[in-house]
Amino acid sequence: MNRAFTSVTAAALVAGPITPQHVDPALVDYFQQQLEGHYRADMFLGPHDLIGTVSAQYQLIDKLVRSAKGETRRGLLRAGAAYAALVGWLYQDAGDMDGAAFWRGVTQEIAMRSRDPHLIGYSLVNQAQVRTDLGDGRAVVDLCEAALDDADRLVPKVRIMAMQQQAHGASLTGERRTVDQLLDLADQLLPQVDDNLPWGNACRRTPGYLEVQRATCYGRLGLGTEAGSLWAQVLAEVPETARRDRGVYMARQATAAAAAREPDHAVEIARTVATIAVETRSARMRRELATLERAMRPWHDAPVGRDLAEILAPLTEGS
């Protein structure tokens, strides 16, 4: 366990002193441009193949920050916060919540050091994402409210991220009306997203971004029919190439079908999801399938329940 923790933290905890070196300002653009490629690769590969690459680049940024000065240093700090956020996300998607929480903390530290209010807000939303996965709705709301304390200083993108994450917190505490209010407000801001910041662009990159959040929240609230209808709309827009995201969304769609008392439809969807889960090794997808199993308990002894157990057996064997 100690060895595993060391490997998670090693890239962020490099002891000095570091030999001073010249840091060219062009390196800031280099790291920012690399980010978009990492985000795309994450959609295709899943977390395990990327964690080492992105962590190593964060470690290099951390080394350069120690020698850089002035605006170059501030630019590298901003890039470092974005890289740390991505590493945290990769650990979260891989199911390592200890690693995710550590790197979300690193993100917040670097964001604070950068003095960038947008990144500080983004880092709080990152912390809230971990709390969402831990089922701590009140903490999610606390963190998102903190991010929105200075809403007027934030670009619309960060405000949207905080509002949609706060909606997840509200879904965990059973407040459907608040979920809808927050997501409707976020939707009004979407046309105003026009920044050129290289991080946090899911609201631009993800088809039906806010409807994904609404469908997820409705699923948590047990609104199977409403969630199922939204997932059908969302999945019509998500490209086949986005395998991991499609798998997660389809698993949630299957759970919504079970909640709507459509077990045969749920199992039909699960058949595809199980294949994607084996390919991508996404722990998030496995968690969604575990949620589906719980939703399918009323049919545990029926033929459809046995079909589901057979479909999911390769995932148990592979873990």
# chains A, B, ... in the order shown; residues from 1 in each chain; ligands from 1
call {"tool": "select_by_dssp", "arguments": {"residues": "stretch 86-213 of chain A", "states": "helix (DSSP H, G or I)", "output": "VMD selection string"}}
result
chain A and resid 86 to 93 97 to 114 117 to 133 137 to 148 151 to 153 156 to 172 176 to 192 202 to 205 209 to 213
call {"tool": "residues_around", "arguments": {"residues": "stretch 31-37 of chain A", "least_positions_apart": "2", "cutoff": "8 Å", "atoms": "only C-alpha atoms", "output": "list in words"}}
result
Leu27, Val28, Asp29, Tyr39, Arg40, Ala41, Ala79, Tyr83, Pro198 and Trp199 of chain A
call {"tool": "closest_residue", "arguments": {"among": "A:Val158, A:Val273, A:Met250, A:Val267", "to": "A:Gly305", "atoms": "only C-alpha atoms"}}
result
A:Val267
call {"tool": "closest_residue", "arguments": {"among": "A:Ala254, A:Ala11, A:Ala100, A:Leu50", "to": "A:Ala232", "atoms": "only C-alpha atoms"}}
result
A:Ala254
call {"tool": "closest_residue", "arguments": {"among": "A:Asn126, A:Gln92, A:Thr107, A:Ser114", "to": "A:Thr72", "atoms": "only C-alpha atoms"}}
result
A:Ser114
call {"tool": "residues_around", "arguments": {"residues": "A:Thr225", "least_positions_apart": "3", "cutoff": "7 Å", "atoms": "only C-alpha atoms", "output": "mmCIF file with C-alpha atoms, in the first residue's frame"}}
result
data_model
loop_
_atom_site.group_PDB
_atom_site.id
_atom_site.type_symbol
_atom_site.label_atom_id
_atom_site.label_comp_id
_atom_site.auth_asym_id
_atom_site.auth_seq_id
_atom_site.Cartn_x
_atom_site.Cartn_y
_atom_site.Cartn_z
ATOM 1 C CA GLY A 228 -34.156 7.156 -19.930
ATOM 2 C CA SER A 229 -35.682 9.640 -22.343
ATOM 3 C CA ALA A 256 -32.824 4.161 -15.751
ATOM 4 C CA ALA A 260 -38.676 2.369 -15.147
#
call {"tool": "closest_residue", "arguments": {"among": "A:Tyr249, A:Tyr58, A:Ala12, A:Arg271", "to": "A:Gly105", "atoms": "only C-alpha atoms"}}
result
A:Ala12
call {"tool": "closest_residue", "arguments": {"among": "A:Leu223, A:Asp116, A:Leu289, A:Asp264", "to": "A:Arg252", "atoms": "only C-alpha atoms"}}
result
A:Leu289
call {"tool": "atom_distance", "arguments": {"atom1": "atom CA of A:Trp231", "atom2": "atom CA of A:Arg244"}}
result
15.1 Å
call {"tool": "residues_around", "arguments": {"residues": "A:Ala227", "least_positions_apart": "5", "cutoff": "9 Å", "atoms": "only C-alpha atoms", "output": "ChimeraX atom specification"}}
result
/A:214-219,222,232,252-253,256-257
call {"tool": "write_last_selection", "arguments": {"atoms": "C-alpha atoms", "output": "PDB file, in the first residue's frame"}}
result
ATOM      1  CA  ARG A 214     -29.482  16.315 -15.986  1.00  0.00           C
ATOM      2  CA  ALA A 215     -29.945  12.679 -16.996  1.00  0.00           C
ATOM      3  CA  THR A 216     -27.336  11.587 -14.429  1.00  0.00           C
ATOM      4  CA  CYS A 217     -29.031  13.632 -11.698  1.00  0.00           C
ATOM      5  CA  TYR A 218     -32.472  12.275 -12.625  1.00  0.00           C
ATOM      6  CA  GLY A 219     -31.071   8.749 -12.452  1.00  0.00           C
ATOM      7  CA  GLY A 222     -34.871   7.533  -9.188  1.00  0.00           C
ATOM      8  CA  ALA A 232     -31.740   8.313 -25.620  1.00  0.00           C
ATOM      9  CA  ARG A 252     -26.711   4.891 -16.646  1.00  0.00           C
ATOM     10  CA  GLN A 253     -29.338   4.449 -19.354  1.00  0.00           C
ATOM     11  CA  ALA A 256     -32.824   4.161 -15.751  1.00  0.00           C
ATOM     12  CA  ALA A 257     -34.541   1.388 -17.715  1.00  0.00           C
TER      13      ALA A 257
END
call {"tool": "closest_residue", "arguments": {"among": "A:Pro117, A:Ile160, A:Ala309, A:Gly247", "to": "A:Arg204", "atoms": "only C-alpha atoms"}}
result
A:Ile160
call {"tool": "atom_distance", "arguments": {"atom1": "atom CA of A:Asp98", "atom2": "atom CA of A:Val8"}}
result
8.9 Å
call {"tool": "residues_around", "arguments": {"residues": "A:Arg115", "least_positions_apart": "4", "cutoff": "10 Å", "atoms": "only C-alpha atoms", "output": "PyMOL selection string"}}
result
chain A and resi 74+77-78+110-111+119-120
call {"tool": "decode", "arguments": {"residues": "stretch 157-191 of chain A", "atoms": "N, CA, C and O atoms", "output": "mmCIF file, in the first residue's frame"}}
result
data_model
loop_
_atom_site.group_PDB
_atom_site.id
_atom_site.type_symbol
_atom_site.label_atom_id
_atom_site.label_comp_id
_atom_site.auth_asym_id
_atom_site.auth_seq_id
_atom_site.Cartn_x
_atom_site.Cartn_y
_atom_site.Cartn_z
ATOM 1 N N LYS A 157 -17.523 29.690 -18.444
ATOM 2 C CA LYS A 157 -17.233 28.249 -18.421
ATOM 3 C C LYS A 157 -17.086 27.721 -17.001
ATOM 4 O O LYS A 157 -17.624 26.654 -16.665
ATOM 5 N N VAL A 158 -16.372 28.461 -16.161
ATOM 6 C CA VAL A 158 -16.156 28.011 -14.786
ATOM 7 C C VAL A 158 -17.462 28.085 -13.994
ATOM 8 O O VAL A 158 -17.767 27.196 -13.184
ATOM 9 N N ARG A 159 -18.255 29.106 -14.241
ATOM 10 C CA ARG A 159 -19.551 29.213 -13.563
ATOM 11 C C ARG A 159 -20.457 28.040 -13.950
ATOM 12 O O ARG A 159 -21.148 27.459 -13.101
ATOM 13 N N ILE A 160 -20.438 27.672 -15.233
ATOM 14 C CA ILE A 160 -21.233 26.526 -15.693
ATOM 15 C C ILE A 160 -20.776 25.249 -14.997
ATOM 16 O O ILE A 160 -21.592 24.453 -14.515
ATOM 17 N N MET A 161 -19.453 25.062 -14.915
ATOM 18 C CA MET A 161 -18.927 23.853 -14.262
ATOM 19 C C MET A 161 -19.361 23.785 -12.802
ATOM 20 O O MET A 161 -19.747 22.724 -12.309
ATOM 21 N N ALA A 162 -19.299 24.928 -12.119
ATOM 22 C CA ALA A 162 -19.692 24.940 -10.706
ATOM 23 C C ALA A 162 -21.184 24.682 -10.545
ATOM 24 O O ALA A 162 -21.599 23.923 -9.659
ATOM 25 N N MET A 163 -22.000 25.288 -11.410
ATOM 26 C CA MET A 163 -23.459 25.095 -11.303
ATOM 27 C C MET A 163 -23.860 23.650 -11.585
ATOM 28 O O MET A 163 -24.671 23.068 -10.867
ATOM 29 N N GLN A 164 -23.268 23.051 -12.638
ATOM 30 C CA GLN A 164 -23.664 21.671 -12.948
ATOM 31 C C GLN A 164 -23.200 20.719 -11.860
ATOM 32 O O GLN A 164 -23.894 19.762 -11.519
ATOM 33 N N GLN A 165 -22.013 21.000 -11.264
ATOM 34 C CA GLN A 165 -21.550 20.108 -10.190
ATOM 35 C C GLN A 165 -22.408 20.287 -8.944
ATOM 36 O O GLN A 165 -22.698 19.321 -8.231
ATOM 37 N N GLN A 166 -22.832 21.518 -8.694
ATOM 38 C CA GLN A 166 -23.731 21.761 -7.561
ATOM 39 C C GLN A 166 -25.056 21.031 -7.773
ATOM 40 O O GLN A 166 -25.665 20.544 -6.809
ATOM 41 N N ALA A 167 -25.483 20.924 -9.027
ATOM 42 C CA ALA A 167 -26.705 20.155 -9.331
ATOM 43 C C ALA A 167 -26.529 18.694 -8.939
ATOM 44 O O ALA A 167 -27.456 18.056 -8.414
ATOM 45 N N HIS A 168 -25.337 18.159 -9.161
ATOM 46 C CA HIS A 168 -25.076 16.779 -8.726
ATOM 47 C C HIS A 168 -25.200 16.669 -7.207
ATOM 48 O O HIS A 168 -25.754 15.700 -6.687
ATOM 49 N N GLY A 169 -24.665 17.683 -6.503
ATOM 50 C CA GLY A 169 -24.812 17.691 -5.048
ATOM 51 C C GLY A 169 -26.269 17.710 -4.639
ATOM 52 O O GLY A 169 -26.685 16.977 -3.732
ATOM 53 N N ALA A 170 -27.074 18.531 -5.322
ATOM 54 C CA ALA A 170 -28.506 18.611 -5.018
ATOM 55 C C ALA A 170 -29.210 17.288 -5.304
ATOM 56 O O ALA A 170 -30.124 16.883 -4.565
ATOM 57 N N SER A 171 -28.774 16.575 -6.348
ATOM 58 C CA SER A 171 -29.397 15.271 -6.642
ATOM 59 C C SER A 171 -29.086 14.262 -5.542
ATOM 60 O O SER A 171 -29.902 13.390 -5.228
ATOM 61 N N LEU A 172 -27.897 14.382 -4.928
ATOM 62 C CA LEU A 172 -27.529 13.473 -3.843
ATOM 63 C C LEU A 172 -28.333 13.738 -2.573
ATOM 64 O O LEU A 172 -28.476 12.848 -1.729
ATOM 65 N N THR A 173 -28.850 14.970 -2.428
ATOM 66 C CA THR A 173 -29.676 15.283 -1.256
ATOM 67 C C THR A 173 -31.164 15.306 -1.601
ATOM 68 O O THR A 173 -31.985 15.769 -0.812
ATOM 69 N N GLY A 174 -31.505 14.805 -2.803
ATOM 70 C CA GLY A 174 -32.908 14.600 -3.161
ATOM 71 C C GLY A 174 -33.683 15.844 -3.555
ATOM 72 O O GLY A 174 -34.906 15.883 -3.414
ATOM 73 N N GLU A 175 -32.994 16.867 -4.090
ATOM 74 C CA GLU A 175 -33.661 18.134 -4.404
ATOM 75 C C GLU A 175 -33.791 18.332 -5.908
ATOM 76 O O GLU A 175 -33.003 19.037 -6.531
ATOM 77 N N ARG A 176 -34.816 17.739 -6.485
ATOM 78 C CA ARG A 176 -34.989 17.816 -7.941
ATOM 79 C C ARG A 176 -35.171 19.250 -8.426
ATOM 80 O O ARG A 176 -34.617 19.634 -9.464
ATOM 81 N N ARG A 177 -35.952 20.043 -7.706
ATOM 82 C CA ARG A 177 -36.222 21.407 -8.169
ATOM 83 C C ARG A 177 -34.921 22.208 -8.273
ATOM 84 O O ARG A 177 -34.698 22.955 -9.231
ATOM 85 N N THR A 178 -34.039 22.033 -7.290
ATOM 86 C CA THR A 178 -32.753 22.734 -7.306
ATOM 87 C C THR A 178 -31.894 22.251 -8.464
ATOM 88 O O THR A 178 -31.201 23.049 -9.113
ATOM 89 N N VAL A 179 -31.924 20.952 -8.729
ATOM 90 C CA VAL A 179 -31.200 20.395 -9.879
ATOM 91 C C VAL A 179 -31.607 21.129 -11.148
ATOM 92 O O VAL A 179 -30.764 21.619 -11.921
ATOM 93 N N ASP A 180 -32.908 21.212 -11.388
ATOM 94 C CA ASP A 180 -33.392 21.848 -12.615
ATOM 95 C C ASP A 180 -33.059 23.332 -12.664
ATOM 96 O O ASP A 180 -32.664 23.857 -13.711
ATOM 97 N N GLN A 181 -33.190 24.011 -11.533
ATOM 98 C CA GLN A 181 -32.883 25.452 -11.505
ATOM 99 C C GLN A 181 -31.420 25.707 -11.864
ATOM 100 O O GLN A 181 -31.110 26.600 -12.673
ATOM 101 N N LEU A 182 -30.513 24.935 -11.269
ATOM 102 C CA LEU A 182 -29.088 25.130 -11.518
ATOM 103 C C LEU A 182 -28.719 24.814 -12.965
ATOM 104 O O LEU A 182 -27.963 25.561 -13.604
ATOM 105 N N LEU A 183 -29.266 23.729 -13.497
ATOM 106 C CA LEU A 183 -28.929 23.350 -14.868
ATOM 107 C C LEU A 183 -29.559 24.300 -15.879
ATOM 108 O O LEU A 183 -28.962 24.581 -16.931
ATOM 109 N N ASP A 184 -30.722 24.835 -15.567
ATOM 110 C CA ASP A 184 -31.338 25.834 -16.457
ATOM 111 C C ASP A 184 -30.504 27.121 -16.484
ATOM 112 O O ASP A 184 -30.315 27.730 -17.542
ATOM 113 N N LEU A 185 -30.003 27.534 -15.316
ATOM 114 C CA LEU A 185 -29.132 28.714 -15.252
ATOM 115 C C LEU A 185 -27.838 28.480 -16.043
ATOM 116 O O LEU A 185 -27.375 29.364 -16.784
ATOM 117 N N ALA A 186 -27.266 27.292 -15.874
ATOM 118 C CA ALA A 186 -26.040 26.959 -16.608
ATOM 119 C C ALA A 186 -26.294 26.977 -18.118
ATOM 120 O O ALA A 186 -25.461 27.458 -18.897
ATOM 121 N N ASP A 187 -27.450 26.483 -18.530
ATOM 122 C CA ASP A 187 -27.799 26.437 -19.948
ATOM 123 C C ASP A 187 -27.864 27.849 -20.546
ATOM 124 O O ASP A 187 -27.466 28.078 -21.689
ATOM 125 N N GLN A 188 -28.361 28.799 -19.764
ATOM 126 C CA GLN A 188 -28.430 30.184 -20.242
ATOM 127 C C GLN A 188 -27.040 30.785 -20.471
ATOM 128 O O GLN A 188 -26.859 31.675 -21.303
ATOM 129 N N LEU A 189 -26.049 30.278 -19.723
ATOM 130 C CA LEU A 189 -24.680 30.790 -19.851
ATOM 131 C C LEU A 189 -23.901 30.158 -21.016
ATOM 132 O O LEU A 189 -22.904 30.725 -21.468
ATOM 133 N N LEU A 190 -24.336 28.994 -21.477
ATOM 134 C CA LEU A 190 -23.560 28.262 -22.490
ATOM 135 C C LEU A 190 -23.198 29.105 -23.718
ATOM 136 O O LEU A 190 -22.052 29.060 -24.180
ATOM 137 N N PRO A 191 -24.132 29.889 -24.261
ATOM 138 C CA PRO A 191 -23.775 30.686 -25.458
ATOM 139 C C PRO A 191 -22.697 31.739 -25.183
ATOM 140 O O PRO A 191 -22.107 32.280 -26.117
#
